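Engineer: Data: my_file09.tsv, TSV, C-alpha atoms.
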chain	number	residue	atom	x	y	z
I	26	MET	CA	87.06	112.66	118.48
I	27	LYS	CA	89.91	112.75	115.98
I	28	THR	CA	91.90	109.55	115.74
I	29	TYR	CA	95.43	109.08	114.45
I	30	THR	CA	96.57	106.18	112.31
I	31	ILE	CA	100.08	104.93	111.69
I	32	ALA	CA	100.53	102.56	108.75
I	33	ILE	CA	103.63	100.38	108.66
I	34	ASP	CA	104.24	98.33	105.53
I	35	GLY	CA	107.14	96.19	104.45
I	36	PRO	CA	108.32	92.72	103.48
I	37	ALA	CA	108.30	89.59	105.62
I	38	GLY	CA	110.81	89.57	108.45
I	39	ALA	CA	111.43	93.32	108.47
I	40	GLY	CA	110.48	93.45	112.15
I	41	LYS	CA	107.18	95.24	111.62
I	42	SER	CA	105.26	93.42	114.35
I	43	THR	CA	107.97	93.71	117.00
I	44	ILE	CA	108.60	97.39	116.30
I	45	ALA	CA	104.92	98.32	115.90
I	46	ARG	CA	104.09	96.66	119.22
I	47	ARG	CA	106.83	98.65	120.98
I	48	LEU	CA	105.77	101.87	119.33
I	49	ALA	CA	102.11	101.29	120.21
I	50	ARG	CA	103.02	100.72	123.84
I	51	GLU	CA	105.05	103.94	124.02
I	52	LEU	CA	102.34	106.00	122.31
I	53	GLY	CA	99.39	104.35	124.03
I	54	TYR	CA	97.88	103.26	120.69
I	55	CYS	CA	96.12	100.04	119.74
I	56	TYR	CA	98.34	97.71	117.74
I	57	VAL	CA	96.75	95.77	114.88
I	58	ASP	CA	98.87	92.95	113.44
I	59	THR	CA	97.17	92.35	110.09
I	60	GLY	CA	99.65	89.63	109.22
I	61	ALA	CA	98.24	87.59	112.10
I	62	ILE	CA	94.75	88.06	110.68
I	63	TYR	CA	95.75	86.58	107.34
I	64	ARG	CA	97.71	83.84	109.08
I	65	THR	CA	94.51	82.92	110.92
I	66	VAL	CA	92.66	82.61	107.62
I	67	ALA	CA	95.45	80.46	106.19
I	68	TYR	CA	95.42	78.28	109.31
I	69	PHE	CA	91.68	77.72	108.95
I	70	PHE	CA	92.03	76.50	105.38
I	71	SER	CA	95.00	74.30	106.28
I	72	LEU	CA	92.86	72.59	108.93
I	73	ILE	CA	90.03	71.81	106.52
I	74	GLY	CA	92.40	70.71	103.77
I	75	ILE	CA	91.85	73.55	101.28
I	76	SER	CA	94.93	74.81	99.44
I	77	PRO	CA	95.49	78.56	99.83
I	78	LYS	CA	95.88	78.63	96.04
I	79	ASP	CA	92.41	77.11	95.51
I	80	GLN	CA	90.32	80.16	94.67
I	81	ASP	CA	87.06	78.23	94.35
I	82	GLY	CA	87.64	76.30	97.55
I	83	VAL	CA	88.49	79.46	99.50
I	84	ALA	CA	85.38	81.22	98.19
I	85	LYS	CA	83.19	78.19	99.00
I	86	TYR	CA	84.22	77.85	102.64
I	87	ILE	CA	85.10	81.42	103.66
I	88	ASP	CA	81.64	81.94	105.19
I	89	GLU	CA	82.35	79.16	107.69
I	90	LEU	CA	85.17	81.21	109.19
I	91	THR	CA	84.91	83.88	111.86
I	92	VAL	CA	87.98	85.91	112.80
I	93	GLU	CA	88.15	88.15	115.88
I	94	MET	CA	90.87	89.99	117.77
I	95	GLU	CA	91.17	90.22	121.52
I	96	TYR	CA	93.79	91.95	123.65
I	97	ASP	CA	95.11	90.72	126.98
I	98	GLU	CA	96.16	92.86	129.94
I	99	GLU	CA	99.63	93.36	128.45
I	100	GLY	CA	98.15	94.57	125.17
I	101	LYS	CA	99.05	91.41	123.25
I	102	GLN	CA	96.78	90.72	120.30
I	103	HIS	CA	95.13	87.31	120.34
I	104	MET	CA	93.62	85.78	117.22
I	105	ILE	CA	90.31	84.01	117.72
I	106	MET	CA	89.26	81.62	114.96
I	107	ASN	CA	85.73	80.27	115.30
I	108	THR	CA	85.92	80.93	119.10
I	109	LEU	CA	89.34	79.22	119.42
I	110	ASP	CA	92.51	81.12	120.39
I	111	VAL	CA	95.02	80.21	117.66
I	112	THR	CA	97.59	82.93	118.44
I	113	ASP	CA	100.47	80.49	118.91
I	114	ASP	CA	99.39	77.99	116.25
I	115	ILE	CA	99.70	80.44	113.36
I	116	ARG	CA	103.41	81.26	113.84
I	117	THR	CA	105.03	78.72	111.53
I	118	PRO	CA	106.83	79.17	108.18
I	119	GLU	CA	104.17	77.05	106.45
I	120	ILE	CA	101.33	79.23	107.68
I	121	SER	CA	103.34	82.32	106.75
I	122	GLN	CA	103.54	81.13	103.14
I	123	GLY	CA	99.85	80.23	103.24
I	124	ALA	CA	98.97	83.70	104.49
I	125	SER	CA	100.77	85.25	101.52
I	126	LEU	CA	98.83	83.03	99.10
I	127	VAL	CA	95.41	83.34	100.71
I	128	SER	CA	95.73	87.12	100.92
I	129	ALA	CA	95.77	87.27	97.13
I	130	HIS	CA	92.07	86.30	97.00
I	131	LYS	CA	89.65	89.21	96.71
I	132	VAL	CA	86.98	87.39	98.74
I	133	VAL	CA	89.40	87.17	101.68
I	134	ARG	CA	90.54	90.78	101.47
I	135	ASP	CA	86.97	92.05	101.19
I	136	MET	CA	86.00	90.07	104.28
I	137	LEU	CA	88.79	91.57	106.38
I	138	LEU	CA	88.97	95.12	105.02
I	139	ASP	CA	85.98	96.50	106.94
I	140	MET	CA	87.16	94.81	110.11
I	141	GLN	CA	90.53	96.57	109.92
I	142	ARG	CA	89.11	99.96	108.97
I	143	ASP	CA	86.51	99.82	111.75
I	144	VAL	CA	89.24	99.50	114.39
I	145	ALA	CA	91.02	102.53	112.90
I	146	ARG	CA	87.83	104.60	112.96
I	147	LYS	CA	87.33	103.99	116.67
I	148	HIS	CA	90.88	104.09	118.06
I	149	ASN	CA	94.33	105.56	117.60
I	150	VAL	CA	96.05	102.64	115.89
I	151	ILE	CA	99.35	101.35	114.59
I	152	MET	CA	98.63	98.85	111.86
I	153	ASP	CA	101.24	96.84	110.03
I	154	GLY	CA	101.06	94.66	106.94
I	155	ARG	CA	101.74	94.73	103.21
I	156	ASP	CA	99.14	97.18	101.89
I	157	ILE	CA	98.10	99.28	104.87
I	158	GLY	CA	99.28	102.63	103.50
I	159	THR	CA	98.22	101.86	99.93
I	160	VAL	CA	94.84	100.11	100.38
I	161	VAL	CA	93.60	99.59	103.93
I	162	LEU	CA	94.35	103.08	105.32
I	163	PRO	CA	95.24	105.24	102.30
I	164	ASN	CA	94.66	108.39	104.39
I	165	ALA	CA	96.77	107.29	107.36
I	166	THR	CA	98.29	110.12	109.38
I	167	VAL	CA	101.76	108.57	109.16
I	168	LYS	CA	103.04	106.01	106.65
I	169	ILE	CA	106.31	104.16	107.06
I	170	PHE	CA	107.79	101.52	104.76
I	171	LEU	CA	110.02	99.32	106.91
I	172	THR	CA	112.55	97.12	105.14
I	173	ALA	CA	115.90	95.34	105.44
I	174	SER	CA	117.98	93.11	103.20
I	175	ALA	CA	116.67	89.57	102.67
I	176	GLU	CA	119.81	88.18	104.33
I	177	VAL	CA	119.33	90.26	107.48
I	178	ARG	CA	115.65	89.36	107.63
I	179	ALA	CA	116.49	85.67	107.32
I	180	GLN	CA	119.00	85.90	110.16
I	181	ARG	CA	116.41	87.60	112.37
I	182	ARG	CA	113.75	85.04	111.53
I	183	CYS	CA	116.14	82.17	112.33
I	184	LYS	CA	116.79	83.63	115.78
I	185	GLU	CA	113.07	84.12	116.33
I	186	LEU	CA	112.25	80.52	115.36
I	187	GLU	CA	115.10	79.15	117.48
I	188	ALA	CA	113.83	81.07	120.50
I	189	LYS	CA	110.44	79.43	120.00
I	190	GLY	CA	111.98	75.97	119.80
I	191	LEU	CA	111.36	75.72	116.05
I	192	PRO	CA	114.87	75.93	114.56
I	193	GLU	CA	115.22	76.10	110.77
I	194	LYS	CA	118.29	76.18	108.53
I	195	TYR	CA	119.30	79.66	107.39
I	196	GLU	CA	119.28	78.66	103.71
I	197	LYS	CA	115.67	77.45	103.92
I	198	VAL	CA	114.51	80.55	105.80
I	199	LEU	CA	116.23	82.81	103.26
I	200	LYS	CA	114.59	80.95	100.38
I	201	ASP	CA	111.18	81.18	102.08
I	202	ILE	CA	111.59	84.93	102.58
I	203	GLN	CA	112.63	85.49	98.99
I	204	GLN	CA	109.65	83.45	97.80
I	205	ARG	CA	107.33	85.39	100.11
I	206	ASP	CA	108.73	88.69	98.80
I	207	TYR	CA	108.02	87.63	95.23
I	208	GLN	CA	104.49	86.45	96.04
I	209	ASP	CA	103.63	89.59	97.98
I	210	SER	CA	104.99	92.03	95.40
I	211	HIS	CA	103.61	90.26	92.32
I	212	ARG	CA	100.06	89.42	93.39
I	213	ALA	CA	97.33	91.03	91.31
I	214	ILE	CA	95.36	92.36	94.27
I	215	ALA	CA	96.96	94.88	96.66
I	216	PRO	CA	100.62	93.97	96.03
I	217	LEU	CA	103.35	94.94	98.46
I	218	LYS	CA	104.73	98.33	97.50
I	219	GLN	CA	105.77	101.55	99.15
I	220	ALA	CA	103.06	104.22	99.24
I	221	ARG	CA	104.11	107.40	97.48
I	222	ASP	CA	103.83	109.40	100.70
I	223	ALA	CA	105.48	106.80	102.96
I	224	VAL	CA	108.84	107.33	104.64
I	225	LEU	CA	111.34	104.59	103.76
I	226	LEU	CA	113.26	103.19	106.72
I	227	ASP	CA	115.92	100.52	106.13
I	228	THR	CA	116.61	98.68	109.39
I	229	SER	CA	119.45	96.44	108.16
I	230	ASP	CA	122.04	98.18	110.34
I	231	LEU	CA	119.80	99.13	113.26
I	232	ASP	CA	118.89	97.31	116.46
I	233	ILE	CA	115.36	97.43	117.88
I	234	ASP	CA	116.00	100.51	120.02
I	235	GLY	CA	117.48	102.30	117.01
I	236	VAL	CA	114.49	101.48	114.84
I	237	VAL	CA	112.00	102.57	117.51
I	238	ALA	CA	113.86	105.86	117.97
I	239	ALA	CA	113.92	106.50	114.22
I	240	MET	CA	110.22	105.72	113.88
I	241	MET	CA	109.28	107.86	116.86
I	242	LYS	CA	111.07	110.78	115.21
I	243	ILE	CA	109.05	110.24	112.02
I	244	VAL	CA	105.80	109.99	113.96
I	245	ARG	CA	106.45	113.12	116.04
I	246	GLU	CA	106.92	115.16	112.89
I	247	LYS	CA	103.30	114.36	111.95
I	248	ILE	CA	101.51	113.80	115.26
I	249	PRO	CA	101.83	116.22	118.21
I	250	GLU	CA	102.40	114.89	121.69
Transcribe the structure of this file into structure tokens.
Structural biologist:
Amino acid sequence: MKTYTIAIDGPAGAGKSTIARRLARELGYCYVDTGAIYRTVAYFFSLIGISPKDQDGVAKYIDELTVEMEYDEEGKQHMIMNTLDVTDDIRTPEISQGASLVSAHKVVRDMLLDMQRDVARKHNVIMDGRDIGTVVLPNATVKIFLTASAEVRAQRRCKELEAKGLPEKYEKVLKDIQQRDYQDSHRAIAPLKQARDAVLLDTSDLDIDGVVAAMMKIVREKIPE
């Protein structure tokens, strides 16, 4: 059976996860949040006291980590780390920065690449991340590069953190996002960049419904109903 794949790439805070989840629900696709996968890896190393920058330490202990994805009745992706559900624990600015750093290690990317591709082989999927259209699913049916200004992304992230009871100052969030952008786009392995055949969609002036509508239009030009 032919499967369809939608790759959504873009910088931190562009709304990829929120939008991809909505789009997956409307299309009846599986949603794969690859950012959560790398956050889980970063969380593991933070618990055992290994810096995400420590290449030797990461390589030494990576075999002690198992990462799995499960979906609840509402289609929410849960991250299982060594049999423990860490879905809520990985959503902090510190773990976000750690995910960016740990994802630069080849041993980590190699471990997770087959896992992500296997899901795409078996199901119609929407997968979001930094290198989905360029590395993970280079032959994706649809590729979209979702972005917004750093200032808009910082404002969105502040609202998100406040809603979770984890308020942060705007200036700090903006600085974190700018640092994350630099790390993601300058890493040696699979840097963040727009695939040549991806459609660029700037969401700075769009609300969620507007973004979903724009993305659905892009998808329907490639995938029949």
Engineer: For atom CA of I:Lys85 and atom CA of I:Phe70, quote the distance in Å rounded to one decimal.
Structural biologist: 11.0 Å
Engineer: Using all atoms listed in the file, find each residue of stretch 208-233 of chain I with at least one atom at most 9 Å away from an atom of stretch 35-47 of chain I; report its shortest atom-to-atom pair and that distance in Å (one decimal), sort the rows by chain and rising residue number, and return the result as a tab-separated table.
Structural biologist:
residue	atom	partner	partner_atom	distance
I:Asp209	CA	I:Pro36	CA	7.9
I:Ser210	CA	I:Pro36	CA	8.8
I:Leu217	CA	I:Gly35	CA	7.2
I:Lys218	CA	I:Gly35	CA	7.7
I:Gln219	CA	I:Gly35	CA	7.7
I:Asp227	CA	I:Ala39	CA	8.8
I:Thr228	CA	I:Ala39	CA	7.5
I:Ser229	CA	I:Ala39	CA	8.6
I:Ile233	CA	I:Ile44	CA	6.9
Engineer: Given the choices I:Ala67, I:Val57, I:Ile214, I:Met26, which gets closest to I:Val111 if the distance is worked out from all atoms listed in the file?
Structural biologist: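 The closest residue to I:Val111 is I:Ala67.
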Engineer: Considering only C-alpha atoms, state which residue in the set I:Ser128, I:Thr91, I:Thr166, I:Asn149 is at the smallest distance from I:Asp79.
Structural biologist: I:Ser128
Engineer: Nearest residue to I:Ile169 out of I:Lys147, I:Arg155, I:Lys78, I:Arg50, using all atoms listed in the file?
Structural biologist: I:Arg155
Engineer: Pick the closest to I:Arg212 from I:Val92, I:Val236, I:Cys55, I:Ala129: which is it, counting only C-alpha atoms?
Structural biologist: I:Ala129
Engineer: In terms of the shortest atom-to-atom distance over all atoms listed in the file, which of I:Pro118, I:Gly82, I:Gly154, I:Gly74 is closest to I:Leu186?
Structural biologist: I:Pro118
Engineer: I want to know what sits within 12 Å of I:Asp143, based on all atoms listed in the file, with residues of the same chain fewer than 5 positions away left out; could you give that as an MDAnalysis selection string?
Structural biologist: chainID I and resid 28 30 57 137:138 148:150 161:162
Engineer: To one decimal place in Å, what is the distance between atom CA of I:Glu51 and atom CA of I:Met152?
Structural biologist: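 Those two atoms sit 14.7 Å apart.
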Engineer: Using only C-alpha atoms, find the one residue out of I:Ser71, I:Thr117, I:Thr108, I:Ser125 that sits nearest to I:Thr59.
Structural biologist: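 Looking at the shortest contact to I:Thr59, the residue is I:Ser125.
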Engineer: Got a sec: who's within 12 Å of I:Glu196, counting all atoms listed in the file, leaving out chain neighbours fewer than 5 positions off, as a list in words?
Structural biologist: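 Skipping anything fewer than 5 positions along the chain leaves Ala175, Glu176, Arg178, Ala179, Gln180, Arg182, Cys183, Asp201, Ile202 and Gln203 of chain I.
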Engineer: If you measure from atom CA of I:Gln208 to atom CA of I:His130, what distance in Å do you get, rounded to one decimal?
Structural biologist: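 Distance reported for this atom pair: 12.5 Å.
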Engineer: Show me, as a list in words, the residues that have an atom within 10 Å of I:Gln102 when counting all atoms listed in the file, minus same-chain residues fewer than 6 positions from it.
Structural biologist: Arg46, Cys55, Tyr56, Val57, Asp58, Ala61, Met94, Glu95, Tyr96 and Thr112 of chain I
